[in-house]
$ cat upload_8.cif   # mmCIF, C-alpha atoms and all ligand atoms
data_query
#
loop_
_atom_site.group_PDB
_atom_site.id
_atom_site.type_symbol
_atom_site.label_atom_id
_atom_site.label_comp_id
_atom_site.auth_asym_id
_atom_site.auth_seq_id
_atom_site.Cartn_x
_atom_site.Cartn_y
_atom_site.Cartn_z
ATOM 1 C CA MET A 8 11.067 13.963 10.891
ATOM 2 C CA LYS A 9 8.004 11.889 11.791
ATOM 3 C CA ARG A 10 8.391 8.115 12.056
ATOM 4 C CA LEU A 11 6.181 5.731 10.122
ATOM 5 C CA LEU A 12 5.862 1.975 10.641
ATOM 6 C CA LEU A 13 5.074 0.406 7.285
ATOM 7 C CA HIS A 14 3.549 -3.058 7.277
ATOM 8 C CA VAL A 15 5.259 -4.866 4.403
ATOM 9 C CA CYS A 16 3.431 -7.785 2.813
ATOM 10 C CA CYS A 17 6.349 -8.700 0.485
ATOM 11 C CA ALA A 18 9.388 -7.142 -1.174
ATOM 12 C CA PRO A 19 7.866 -6.519 -4.653
ATOM 13 C CA CYS A 20 4.967 -4.549 -3.137
ATOM 14 C CA THR A 21 7.399 -2.594 -0.962
ATOM 15 C CA CYS A 22 9.471 -1.165 -3.859
ATOM 16 C CA TYR A 23 7.169 1.605 -5.063
ATOM 17 C CA VAL A 24 5.707 2.455 -1.651
ATOM 18 C CA HIS A 25 9.145 2.805 -0.067
ATOM 19 C CA GLN A 26 10.485 4.842 -2.968
ATOM 20 C CA CYS A 27 7.462 7.121 -2.972
ATOM 21 C CA LEU A 28 7.549 7.787 0.772
ATOM 22 C CA SER A 29 11.317 8.278 0.756
ATOM 23 C CA LYS A 30 11.070 10.891 -2.005
ATOM 24 C CA ASP A 31 8.546 12.872 0.039
ATOM 25 C CA LYS A 32 10.929 13.034 3.006
ATOM 26 C CA LYS A 33 8.055 13.602 5.406
ATOM 27 C CA TYR A 34 8.588 10.347 7.245
ATOM 28 C CA ALA A 35 11.442 8.128 8.343
ATOM 29 C CA ILE A 36 10.247 4.689 7.276
ATOM 30 C CA THR A 37 10.680 1.403 9.126
ATOM 31 C CA GLY A 38 9.285 -1.771 7.591
ATOM 32 C CA PHE A 39 7.299 -4.243 9.696
ATOM 33 C CA TRP A 40 7.134 -7.897 8.688
ATOM 34 C CA TYR A 41 4.177 -9.798 10.107
ATOM 35 C CA ASN A 42 2.524 -12.125 7.595
ATOM 36 C CA PRO A 43 1.297 -15.447 9.034
ATOM 37 C CA ASN A 44 -1.000 -15.633 6.002
ATOM 38 C CA ILE A 45 1.853 -16.883 3.790
ATOM 39 C CA HIS A 46 1.814 -20.637 3.217
ATOM 40 C CA PRO A 47 3.520 -23.016 3.213
ATOM 41 C CA PHE A 48 6.401 -22.315 5.568
ATOM 42 C CA LEU A 49 9.156 -22.483 2.932
ATOM 43 C CA GLU A 50 7.295 -19.920 0.824
ATOM 44 C CA TYR A 51 7.013 -17.731 3.929
ATOM 45 C CA GLN A 52 10.766 -17.973 4.439
ATOM 46 C CA LYS A 53 11.498 -17.247 0.798
ATOM 47 C CA ARG A 54 9.408 -14.048 0.839
ATOM 48 C CA MET A 55 10.912 -12.981 4.166
ATOM 49 C CA MET A 56 14.442 -13.510 2.843
ATOM 50 C CA THR A 57 13.621 -11.539 -0.298
ATOM 51 C CA LEU A 58 12.486 -8.685 1.881
ATOM 52 C CA GLY A 59 15.719 -8.970 3.886
ATOM 53 C CA TYR A 60 17.686 -8.615 0.658
ATOM 54 C CA TYR A 61 15.628 -5.581 -0.383
ATOM 55 C CA SER A 62 16.072 -4.029 3.035
ATOM 56 C CA ASN A 63 19.883 -4.356 2.795
ATOM 57 C CA GLU A 64 20.087 -3.115 -0.782
ATOM 58 C CA MET A 65 17.737 -0.166 -0.320
ATOM 59 C CA ASN A 66 18.453 0.777 3.291
ATOM 60 C CA LEU A 67 15.049 0.071 4.712
ATOM 61 C CA PRO A 68 15.229 -0.593 8.473
ATOM 62 C CA LEU A 69 13.115 -3.593 9.386
ATOM 63 C CA ILE A 70 11.296 -4.956 12.397
ATOM 64 C CA ARG A 71 10.503 -8.621 11.874
ATOM 65 C CA LYS A 72 8.043 -10.624 13.882
ATOM 66 C CA THR A 73 9.658 -13.795 12.624
ATOM 67 C CA LYS A 74 7.692 -16.387 14.620
ATOM 68 C CA TYR A 75 5.558 -18.218 12.085
ATOM 69 C CA SER A 76 2.143 -17.607 13.682
ATOM 70 C CA LEU A 77 0.140 -19.885 11.433
ATOM 71 C CA GLU A 78 -2.190 -20.741 14.322
ATOM 72 C CA GLU A 79 -3.063 -17.066 14.906
ATOM 73 C CA TRP A 80 -4.059 -16.737 11.256
ATOM 74 C CA MET A 81 -6.078 -19.984 11.303
ATOM 75 C CA GLU A 82 -7.912 -18.832 14.412
ATOM 76 C CA ILE A 83 -8.925 -15.569 12.719
ATOM 77 C CA ILE A 84 -10.217 -17.131 9.499
ATOM 78 C CA LYS A 85 -11.652 -20.399 10.841
ATOM 79 C CA ASP A 86 -15.272 -19.282 10.372
ATOM 80 C CA LYS A 87 -14.587 -17.213 7.262
ATOM 81 C CA TYR A 88 -12.441 -19.244 4.897
ATOM 82 C CA LYS A 89 -15.302 -20.347 2.650
ATOM 83 C CA GLU A 90 -16.011 -16.779 1.561
ATOM 84 C CA LYS A 91 -13.028 -15.048 0.028
ATOM 85 C CA ASP A 92 -13.981 -11.486 0.960
ATOM 86 C CA LYS A 93 -14.600 -12.342 4.603
ATOM 87 C CA ARG A 94 -11.392 -14.364 4.743
ATOM 88 C CA CYS A 95 -9.353 -11.483 3.322
ATOM 89 C CA LEU A 96 -10.925 -8.941 5.667
ATOM 90 C CA GLY A 97 -9.985 -11.105 8.646
ATOM 91 C CA CYS A 98 -6.486 -11.484 7.235
ATOM 92 C CA TYR A 99 -6.067 -7.698 6.804
ATOM 93 C CA GLN A 100 -7.427 -7.096 10.300
ATOM 94 C CA LEU A 101 -4.912 -9.459 11.909
ATOM 95 C CA ARG A 102 -1.911 -7.944 10.162
ATOM 96 C CA LEU A 103 -2.906 -4.293 10.371
ATOM 97 C CA GLU A 104 -3.929 -4.483 14.009
ATOM 98 C CA GLU A 105 -0.563 -5.988 14.902
ATOM 99 C CA THR A 106 1.094 -3.121 13.004
ATOM 100 C CA ALA A 107 -0.979 -0.433 14.732
ATOM 101 C CA LYS A 108 -0.255 -1.954 18.148
ATOM 102 C CA ARG A 109 3.473 -2.194 17.448
ATOM 103 C CA ALA A 110 3.586 1.339 16.083
ATOM 104 C CA LYS A 111 1.907 2.643 19.208
ATOM 105 C CA LYS A 112 4.125 0.619 21.520
ATOM 106 C CA GLU A 113 7.320 1.796 19.835
ATOM 107 C CA LYS A 114 6.183 5.417 19.659
ATOM 108 C CA PHE A 115 5.898 5.784 15.904
ATOM 109 C CA ASP A 116 3.826 8.745 14.688
ATOM 110 C CA SER A 117 2.001 6.840 12.003
ATOM 111 C CA PHE A 118 1.449 3.423 10.429
ATOM 112 C CA SER A 119 0.562 2.223 6.949
ATOM 113 C CA THR A 120 0.728 -0.857 4.719
ATOM 114 C CA THR A 121 2.057 -1.928 1.342
ATOM 115 C CA LEU A 122 -1.297 -3.666 0.815
ATOM 116 C CA LEU A 123 -2.391 -0.240 -0.483
ATOM 117 C CA TYR A 124 -0.140 -0.836 -3.497
ATOM 118 C CA SER A 125 -1.823 -4.001 -4.712
ATOM 119 C CA LYS A 126 -4.409 -3.946 -7.458
ATOM 120 C CA PHE A 127 -5.566 -7.344 -6.254
ATOM 121 C CA GLN A 128 -6.556 -6.409 -2.709
ATOM 122 C CA MET A 129 -9.758 -4.769 -1.477
ATOM 123 C CA HIS A 130 -8.328 -1.273 -1.385
ATOM 124 C CA GLU A 131 -11.267 0.622 0.091
ATOM 125 C CA ASN A 132 -11.676 -1.942 2.878
ATOM 126 C CA ILE A 133 -7.999 -1.667 3.769
ATOM 127 C CA LYS A 134 -8.293 2.115 3.886
ATOM 128 C CA GLU A 135 -11.384 1.919 6.090
ATOM 129 C CA LEU A 136 -9.779 -0.640 8.393
ATOM 130 C CA GLY A 137 -6.618 1.481 8.751
ATOM 131 C CA GLN A 138 -8.710 4.489 9.705
ATOM 132 C CA LYS A 139 -10.687 2.450 12.234
ATOM 133 C CA LEU A 140 -7.516 1.105 13.847
ATOM 134 C CA ALA A 141 -6.063 4.629 13.922
ATOM 135 C CA HIS A 142 -9.042 5.650 16.006
ATOM 136 C CA THR A 143 -8.851 2.594 18.288
ATOM 137 C CA TYR A 144 -5.117 2.923 18.979
ATOM 138 C CA ASN A 145 -4.958 6.689 18.781
ATOM 139 C CA ILE A 146 -2.263 6.808 16.110
ATOM 140 C CA GLU A 147 -2.309 8.272 12.586
ATOM 141 C CA PHE A 148 -2.935 5.972 9.631
ATOM 142 C CA TYR A 149 -1.098 7.158 6.528
ATOM 143 C CA TYR A 150 -3.227 6.644 3.441
ATOM 144 C CA GLN A 151 -2.169 6.993 -0.189
ATOM 145 C CA ASP A 152 -3.393 5.232 -3.293
ATOM 146 C CA PHE A 153 -0.111 3.544 -4.172
ATOM 147 C CA ARG A 154 -1.783 1.563 -6.952
ATOM 148 C CA LEU A 155 -0.928 4.500 -9.203
ATOM 149 C CA GLY A 156 2.669 3.275 -9.150
ATOM 150 C CA TRP A 157 1.796 -0.315 -10.063
ATOM 151 C CA LYS A 158 3.942 -0.505 -13.200
ATOM 152 C CA GLU A 159 6.813 1.440 -11.697
ATOM 153 C CA GLY A 160 6.893 -0.936 -8.727
ATOM 154 C CA ILE A 161 7.075 -3.950 -11.018
ATOM 155 C CA GLU A 162 9.957 -2.410 -12.941
ATOM 156 C CA ILE A 163 11.923 -1.727 -9.762
ATOM 157 C CA SER A 164 11.386 -5.265 -8.494
ATOM 158 C CA LYS A 165 12.542 -6.702 -11.823
ATOM 159 C CA LYS A 166 15.620 -4.489 -11.878
ATOM 160 C CA LEU A 167 16.536 -5.747 -8.413
ATOM 161 C CA ASP A 168 15.808 -9.294 -9.579
ATOM 162 C CA LEU A 169 13.495 -9.890 -6.625
ATOM 163 C CA TYR A 170 11.571 -13.116 -6.235
ATOM 164 C CA ARG A 171 8.034 -12.323 -7.455
ATOM 165 C CA GLN A 172 5.449 -14.727 -6.077
ATOM 166 C CA GLN A 173 2.539 -16.001 -8.139
ATOM 167 C CA TYR A 174 -0.187 -16.021 -5.489
ATOM 168 C CA CYS A 175 -1.306 -13.771 -2.656
ATOM 169 C CA GLY A 176 -0.199 -15.880 0.281
ATOM 170 C CA CYS A 177 -2.585 -18.381 1.864
ATOM 171 C CA ILE A 178 -3.233 -21.928 0.655
ATOM 172 C CA PHE A 179 -6.656 -20.818 -0.546
ATOM 173 C CA SER A 180 -5.170 -18.113 -2.740
ATOM 174 C CA GLU A 181 -2.750 -20.640 -4.192
ATOM 175 C CA LYS A 182 -5.669 -22.883 -5.106
ATOM 176 C CA GLU A 183 -7.619 -19.960 -6.599
ATOM 177 C CA ARG A 184 -4.587 -18.967 -8.665
ATOM 178 C CA PHE A 185 -3.669 -22.378 -10.078
ATOM 179 C CA ASP A 186 -6.737 -24.587 -9.943
ATOM 180 C CA ALA A 187 -8.626 -23.654 -13.085
ATOM 181 C CA ALA A 188 -11.365 -26.095 -12.077
ATOM 182 C CA ALA A 189 -12.001 -24.080 -8.897
ATOM 183 C CA GLU A 190 -13.701 -21.388 -10.979
ATOM 184 C CA LYS A 191 -16.028 -23.832 -12.758
HETATM 185 S S1 LIG B 1 -6.027 -14.209 -0.416
HETATM 186 FE FE1 LIG B 1 -4.368 -12.983 0.487
HETATM 187 S S2 LIG B 1 -5.393 -11.392 1.706
HETATM 188 FE FE2 LIG B 1 -6.880 -13.005 1.277
HETATM 189 S S3 LIG B 1 -6.780 -14.361 3.028
HETATM 190 FE FE3 LIG B 1 -5.402 -15.205 1.510
HETATM 191 S S4 LIG B 1 -3.418 -14.300 1.991
HETATM 192 FE FE4 LIG B 1 -4.941 -13.100 3.087
#

$ encode --input "upload_8.cif" --output "structure tokens"
Amino acid sequence: MKRLLLHVCCAPCTCYVHQCLSKDKKYAITGFWYNPNIHPFLEYQKRMMTLGYYSNEMNLPLIRKTKYSLEEWMEIIKDKYKEKDKRCLGCYQLRLEETAKRAKKEKFDSFSTTLLYSKFQMHENIKELGQKLAHTYNIEFYYQDFRLGWKEGIEISKKLDLYRQQYCGCIFSEKERFDAAAEK
């Protein structure tokens, strides 16, 4: 069976993607945690621990880059944070490139990301970026439109009683989510 390294942004987004890929039985899946975009630190830990719980319950092997690389993320978005789209593209690039590099280094056949599940991310850009990185690192990028399982994923996460966060990850997304005045 081919081996796939799946970048996991959080446990709730992992549910449907993992279930879907496991049903197919084409790939042996290993999750990869690398998300320095999650702020603040205690929120980062909470999401990482939730993923750890999911991984134990649902037998998903995990590789965790646990060092909280806030500085790496800040460096990437320092000239982009004022424009949401540019900021998010930089954020995807950082996380997906790390995944592609790790997949190559550890001799996986393919890499992918649970970001392809979210209805709130820039899906086409993530797809394009994955394909570009596949070319750069000479490794297959597995693409599927996992958004089709949006509701199913939510149901699974609720059944498992997973912590479901209310904002994407960075401090800017928290502001955008909760500061009603930010939109005015
Ligand atoms: S909104 Fe989400 S994807 Fe965009 S920069 Fe913030 S954490 Fe990254």

$ residues_near_ligand --input "upload_8.cif" --ligand "ligand LIG 1 (chain B)" --cutoff "7 Å" --atoms "only C-alpha atoms and all ligand atoms" --output "count of residues only"
13

$ closest_residue --input "upload_8.cif" --among "A:Asn132, A:Thr120, A:Asn145, A:Ser125" --to "Lys108 of chain A" --atoms "only C-alpha atoms"
A:Asn145

$ resolve_selection --input "upload_8.cif" --expression "the PyMOL selection byres (((chain A and resi 67-84) around 10) and not hetatm)" --output "JSON, numbers by chain"
{"A": [12, 13, 14, 15, 21, 25, 29, 35, 36, 37, 38, 39, 40, 41, 42, 43, 44, 45, 46, 47, 48, 51, 52, 55, 58, 59, 60, 61, 62, 63, 64, 65, 66, 85, 86, 87, 88, 89, 90, 93, 94, 95, 96, 97, 98, 100, 101, 102, 105, 109, 177]}

$ closest_residue --input "upload_8.cif" --among "A:Cys22, A:Leu122, A:Lys112, A:Gln151" --to "Lys166 of chain A" --atoms "only C-alpha atoms"
A:Cys22

$ atom_distance --input "upload_8.cif" --atom1 "atom CA of Glu131 of chain A" --atom2 "atom CA of Glu159 of chain A"
21.6 Å

$ atom_distance --input "upload_8.cif" --atom1 "atom CA of Asp186 of chain A" --atom2 "atom CA of Phe153 of chain A"
29.5 Å

$ atom_distance --input "upload_8.cif" --atom1 "atom CA of Lys158 of chain A" --atom2 "atom CA of Thr106 of chain A"
26.5 Å

$ closest_residue --input "upload_8.cif" --among "A:Thr57, A:Glu183, A:Asp168, A:Arg154" --to "Met129 of chain A" --atoms "only C-alpha atoms"
A:Arg154

$ residues_around --input "upload_8.cif" --residues "Tyr149 of chain A" --least-positions-apart "6" --cutoff "12 Å" --atoms "only C-alpha atoms" --output "PyMOL selection string"
chain A and resi 9-14+24+28+33-34+36+107+115-121+123+133-138+140-141

$ closest_residue --input "upload_8.cif" --among "A:Glu104, A:Tyr170, A:Phe185, A:Pro19" --to "Tyr144 of chain A" --atoms "all atoms listed in the file"
A:Glu104

$ axis_aligned_box --input "upload_8.cif" --around "segment 84-102 of chain A" --padding-each-side "3 Å" --output "lines of an AutoDock Vina configuration file"
center_x = -9.0
center_y = -13.7
center_z = 6.0
size_x = 20.1
size_y = 19.3
size_z = 17.9

$ closest_residue --input "upload_8.cif" --among "A:Lys53, A:Lys32, A:Gln26, A:Trp157" --to "Leu169 of chain A" --atoms "all atoms listed in the file"
A:Lys53

$ build_atoms --input "upload_8.cif" --residues "segment 81-109 of chain A" --atoms "N, CA and C atoms" --output "PDB file, keeping the file's coordinate frame"
ATOM      1  N   MET A  81      -5.013 -18.985  11.418  1.00  0.00           N
ATOM      2  CA  MET A  81      -6.078 -19.984  11.303  1.00  0.00           C
ATOM      3  C   MET A  81      -7.235 -19.639  12.234  1.00  0.00           C
ATOM      4  N   GLU A  82      -6.901 -19.180  13.421  1.00  0.00           N
ATOM      5  CA  GLU A  82      -7.912 -18.832  14.412  1.00  0.00           C
ATOM      6  C   GLU A  82      -8.811 -17.709  13.877  1.00  0.00           C
ATOM      7  N   ILE A  83      -8.187 -16.733  13.228  1.00  0.00           N
ATOM      8  CA  ILE A  83      -8.925 -15.569  12.719  1.00  0.00           C
ATOM      9  C   ILE A  83      -9.865 -15.954  11.574  1.00  0.00           C
ATOM     10  N   ILE A  84      -9.410 -16.862  10.695  1.00  0.00           N
ATOM     11  CA  ILE A  84     -10.217 -17.131   9.499  1.00  0.00           C
ATOM     12  C   ILE A  84     -11.073 -18.414   9.600  1.00  0.00           C
ATOM     13  N   LYS A  85     -11.016 -19.069  10.756  1.00  0.00           N
ATOM     14  CA  LYS A  85     -11.652 -20.399  10.841  1.00  0.00           C
ATOM     15  C   LYS A  85     -13.137 -20.407  10.457  1.00  0.00           C
ATOM     16  N   ASP A  86     -13.853 -19.321  10.738  1.00  0.00           N
ATOM     17  CA  ASP A  86     -15.272 -19.282  10.372  1.00  0.00           C
ATOM     18  C   ASP A  86     -15.515 -18.527   9.069  1.00  0.00           C
ATOM     19  N   LYS A  87     -14.435 -18.107   8.413  1.00  0.00           N
ATOM     20  CA  LYS A  87     -14.587 -17.213   7.262  1.00  0.00           C
ATOM     21  C   LYS A  87     -14.003 -17.762   5.969  1.00  0.00           C
ATOM     22  N   TYR A  88     -13.264 -18.864   6.048  1.00  0.00           N
ATOM     23  CA  TYR A  88     -12.441 -19.244   4.897  1.00  0.00           C
ATOM     24  C   TYR A  88     -13.243 -19.601   3.646  1.00  0.00           C
ATOM     25  N   LYS A  89     -14.534 -19.940   3.826  1.00  0.00           N
ATOM     26  CA  LYS A  89     -15.302 -20.347   2.650  1.00  0.00           C
ATOM     27  C   LYS A  89     -15.701 -19.172   1.775  1.00  0.00           C
ATOM     28  N   GLU A  90     -15.669 -17.975   2.355  1.00  0.00           N
ATOM     29  CA  GLU A  90     -16.011 -16.779   1.561  1.00  0.00           C
ATOM     30  C   GLU A  90     -14.781 -15.896   1.454  1.00  0.00           C
ATOM     31  N   LYS A  91     -14.302 -15.736   0.232  1.00  0.00           N
ATOM     32  CA  LYS A  91     -13.028 -15.048   0.028  1.00  0.00           C
ATOM     33  C   LYS A  91     -12.980 -13.658   0.660  1.00  0.00           C
ATOM     34  N   ASP A  92     -14.020 -12.862   0.445  1.00  0.00           N
ATOM     35  CA  ASP A  92     -13.981 -11.486   0.960  1.00  0.00           C
ATOM     36  C   ASP A  92     -13.863 -11.452   2.481  1.00  0.00           C
ATOM     37  N   LYS A  93     -14.644 -12.310   3.132  1.00  0.00           N
ATOM     38  CA  LYS A  93     -14.600 -12.342   4.603  1.00  0.00           C
ATOM     39  C   LYS A  93     -13.229 -12.819   5.083  1.00  0.00           C
ATOM     40  N   ARG A  94     -12.714 -13.830   4.386  1.00  0.00           N
ATOM     41  CA  ARG A  94     -11.392 -14.364   4.743  1.00  0.00           C
ATOM     42  C   ARG A  94     -10.334 -13.265   4.630  1.00  0.00           C
ATOM     43  N   CYS A  95     -10.366 -12.521   3.536  1.00  0.00           N
ATOM     44  CA  CYS A  95      -9.353 -11.483   3.322  1.00  0.00           C
ATOM     45  C   CYS A  95      -9.502 -10.356   4.343  1.00  0.00           C
ATOM     46  N   LEU A  96     -10.730 -10.015   4.677  1.00  0.00           N
ATOM     47  CA  LEU A  96     -10.925  -8.941   5.667  1.00  0.00           C
ATOM     48  C   LEU A  96     -10.338  -9.351   7.023  1.00  0.00           C
ATOM     49  N   GLY A  97     -10.552 -10.607   7.394  1.00  0.00           N
ATOM     50  CA  GLY A  97      -9.985 -11.105   8.646  1.00  0.00           C
ATOM     51  C   GLY A  97      -8.461 -11.074   8.592  1.00  0.00           C
ATOM     52  N   CYS A  98      -7.944 -11.438   7.457  1.00  0.00           N
ATOM     53  CA  CYS A  98      -6.486 -11.484   7.235  1.00  0.00           C
ATOM     54  C   CYS A  98      -5.881 -10.076   7.325  1.00  0.00           C
ATOM     55  N   TYR A  99      -6.539  -9.098   6.715  1.00  0.00           N
ATOM     56  CA  TYR A  99      -6.067  -7.698   6.804  1.00  0.00           C
ATOM     57  C   TYR A  99      -6.101  -7.241   8.262  1.00  0.00           C
ATOM     58  N   GLN A 100      -7.227  -7.556   8.918  1.00  0.00           N
ATOM     59  CA  GLN A 100      -7.427  -7.096  10.300  1.00  0.00           C
ATOM     60  C   GLN A 100      -6.281  -7.586  11.192  1.00  0.00           C
ATOM     61  N   LEU A 101      -5.968  -8.877  11.073  1.00  0.00           N
ATOM     62  CA  LEU A 101      -4.912  -9.459  11.909  1.00  0.00           C
ATOM     63  C   LEU A 101      -3.590  -8.720  11.699  1.00  0.00           C
ATOM     64  N   ARG A 102      -3.225  -8.524  10.457  1.00  0.00           N
ATOM     65  CA  ARG A 102      -1.911  -7.944  10.162  1.00  0.00           C
ATOM     66  C   ARG A 102      -1.850  -6.444  10.454  1.00  0.00           C
ATOM     67  N   LEU A 103      -2.922  -5.740  10.134  1.00  0.00           N
ATOM     68  CA  LEU A 103      -2.906  -4.293  10.371  1.00  0.00           C
ATOM     69  C   LEU A 103      -3.028  -3.951  11.851  1.00  0.00           C
ATOM     70  N   GLU A 104      -3.793  -4.763  12.573  1.00  0.00           N
ATOM     71  CA  GLU A 104      -3.929  -4.483  14.009  1.00  0.00           C
ATOM     72  C   GLU A 104      -2.591  -4.696  14.718  1.00  0.00           C
ATOM     73  N   GLU A 105      -1.892  -5.734  14.318  1.00  0.00           N
ATOM     74  CA  GLU A 105      -0.563  -5.988  14.902  1.00  0.00           C
ATOM     75  C   GLU A 105       0.369  -4.804  14.600  1.00  0.00           C
ATOM     76  N   THR A 106       0.248  -4.256  13.406  1.00  0.00           N
ATOM     77  CA  THR A 106       1.094  -3.121  13.004  1.00  0.00           C
ATOM     78  C   THR A 106       0.741  -1.877  13.825  1.00  0.00           C
ATOM     79  N   ALA A 107      -0.551  -1.607  13.967  1.00  0.00           N
ATOM     80  CA  ALA A 107      -0.979  -0.433  14.732  1.00  0.00           C
ATOM     81  C   ALA A 107      -0.507  -0.546  16.179  1.00  0.00           C
ATOM     82  N   LYS A 108      -0.657  -1.747  16.752  1.00  0.00           N
ATOM     83  CA  LYS A 108      -0.255  -1.954  18.148  1.00  0.00           C
ATOM     84  C   LYS A 108       1.259  -1.747  18.312  1.00  0.00           C
ATOM     85  N   ARG A 109       2.018  -2.311  17.361  1.00  0.00           N
ATOM     86  CA  ARG A 109       3.473  -2.194  17.448  1.00  0.00           C
ATOM     87  C   ARG A 109       3.910  -0.742  17.257  1.00  0.00           C
TER      88      ARG A 109
END
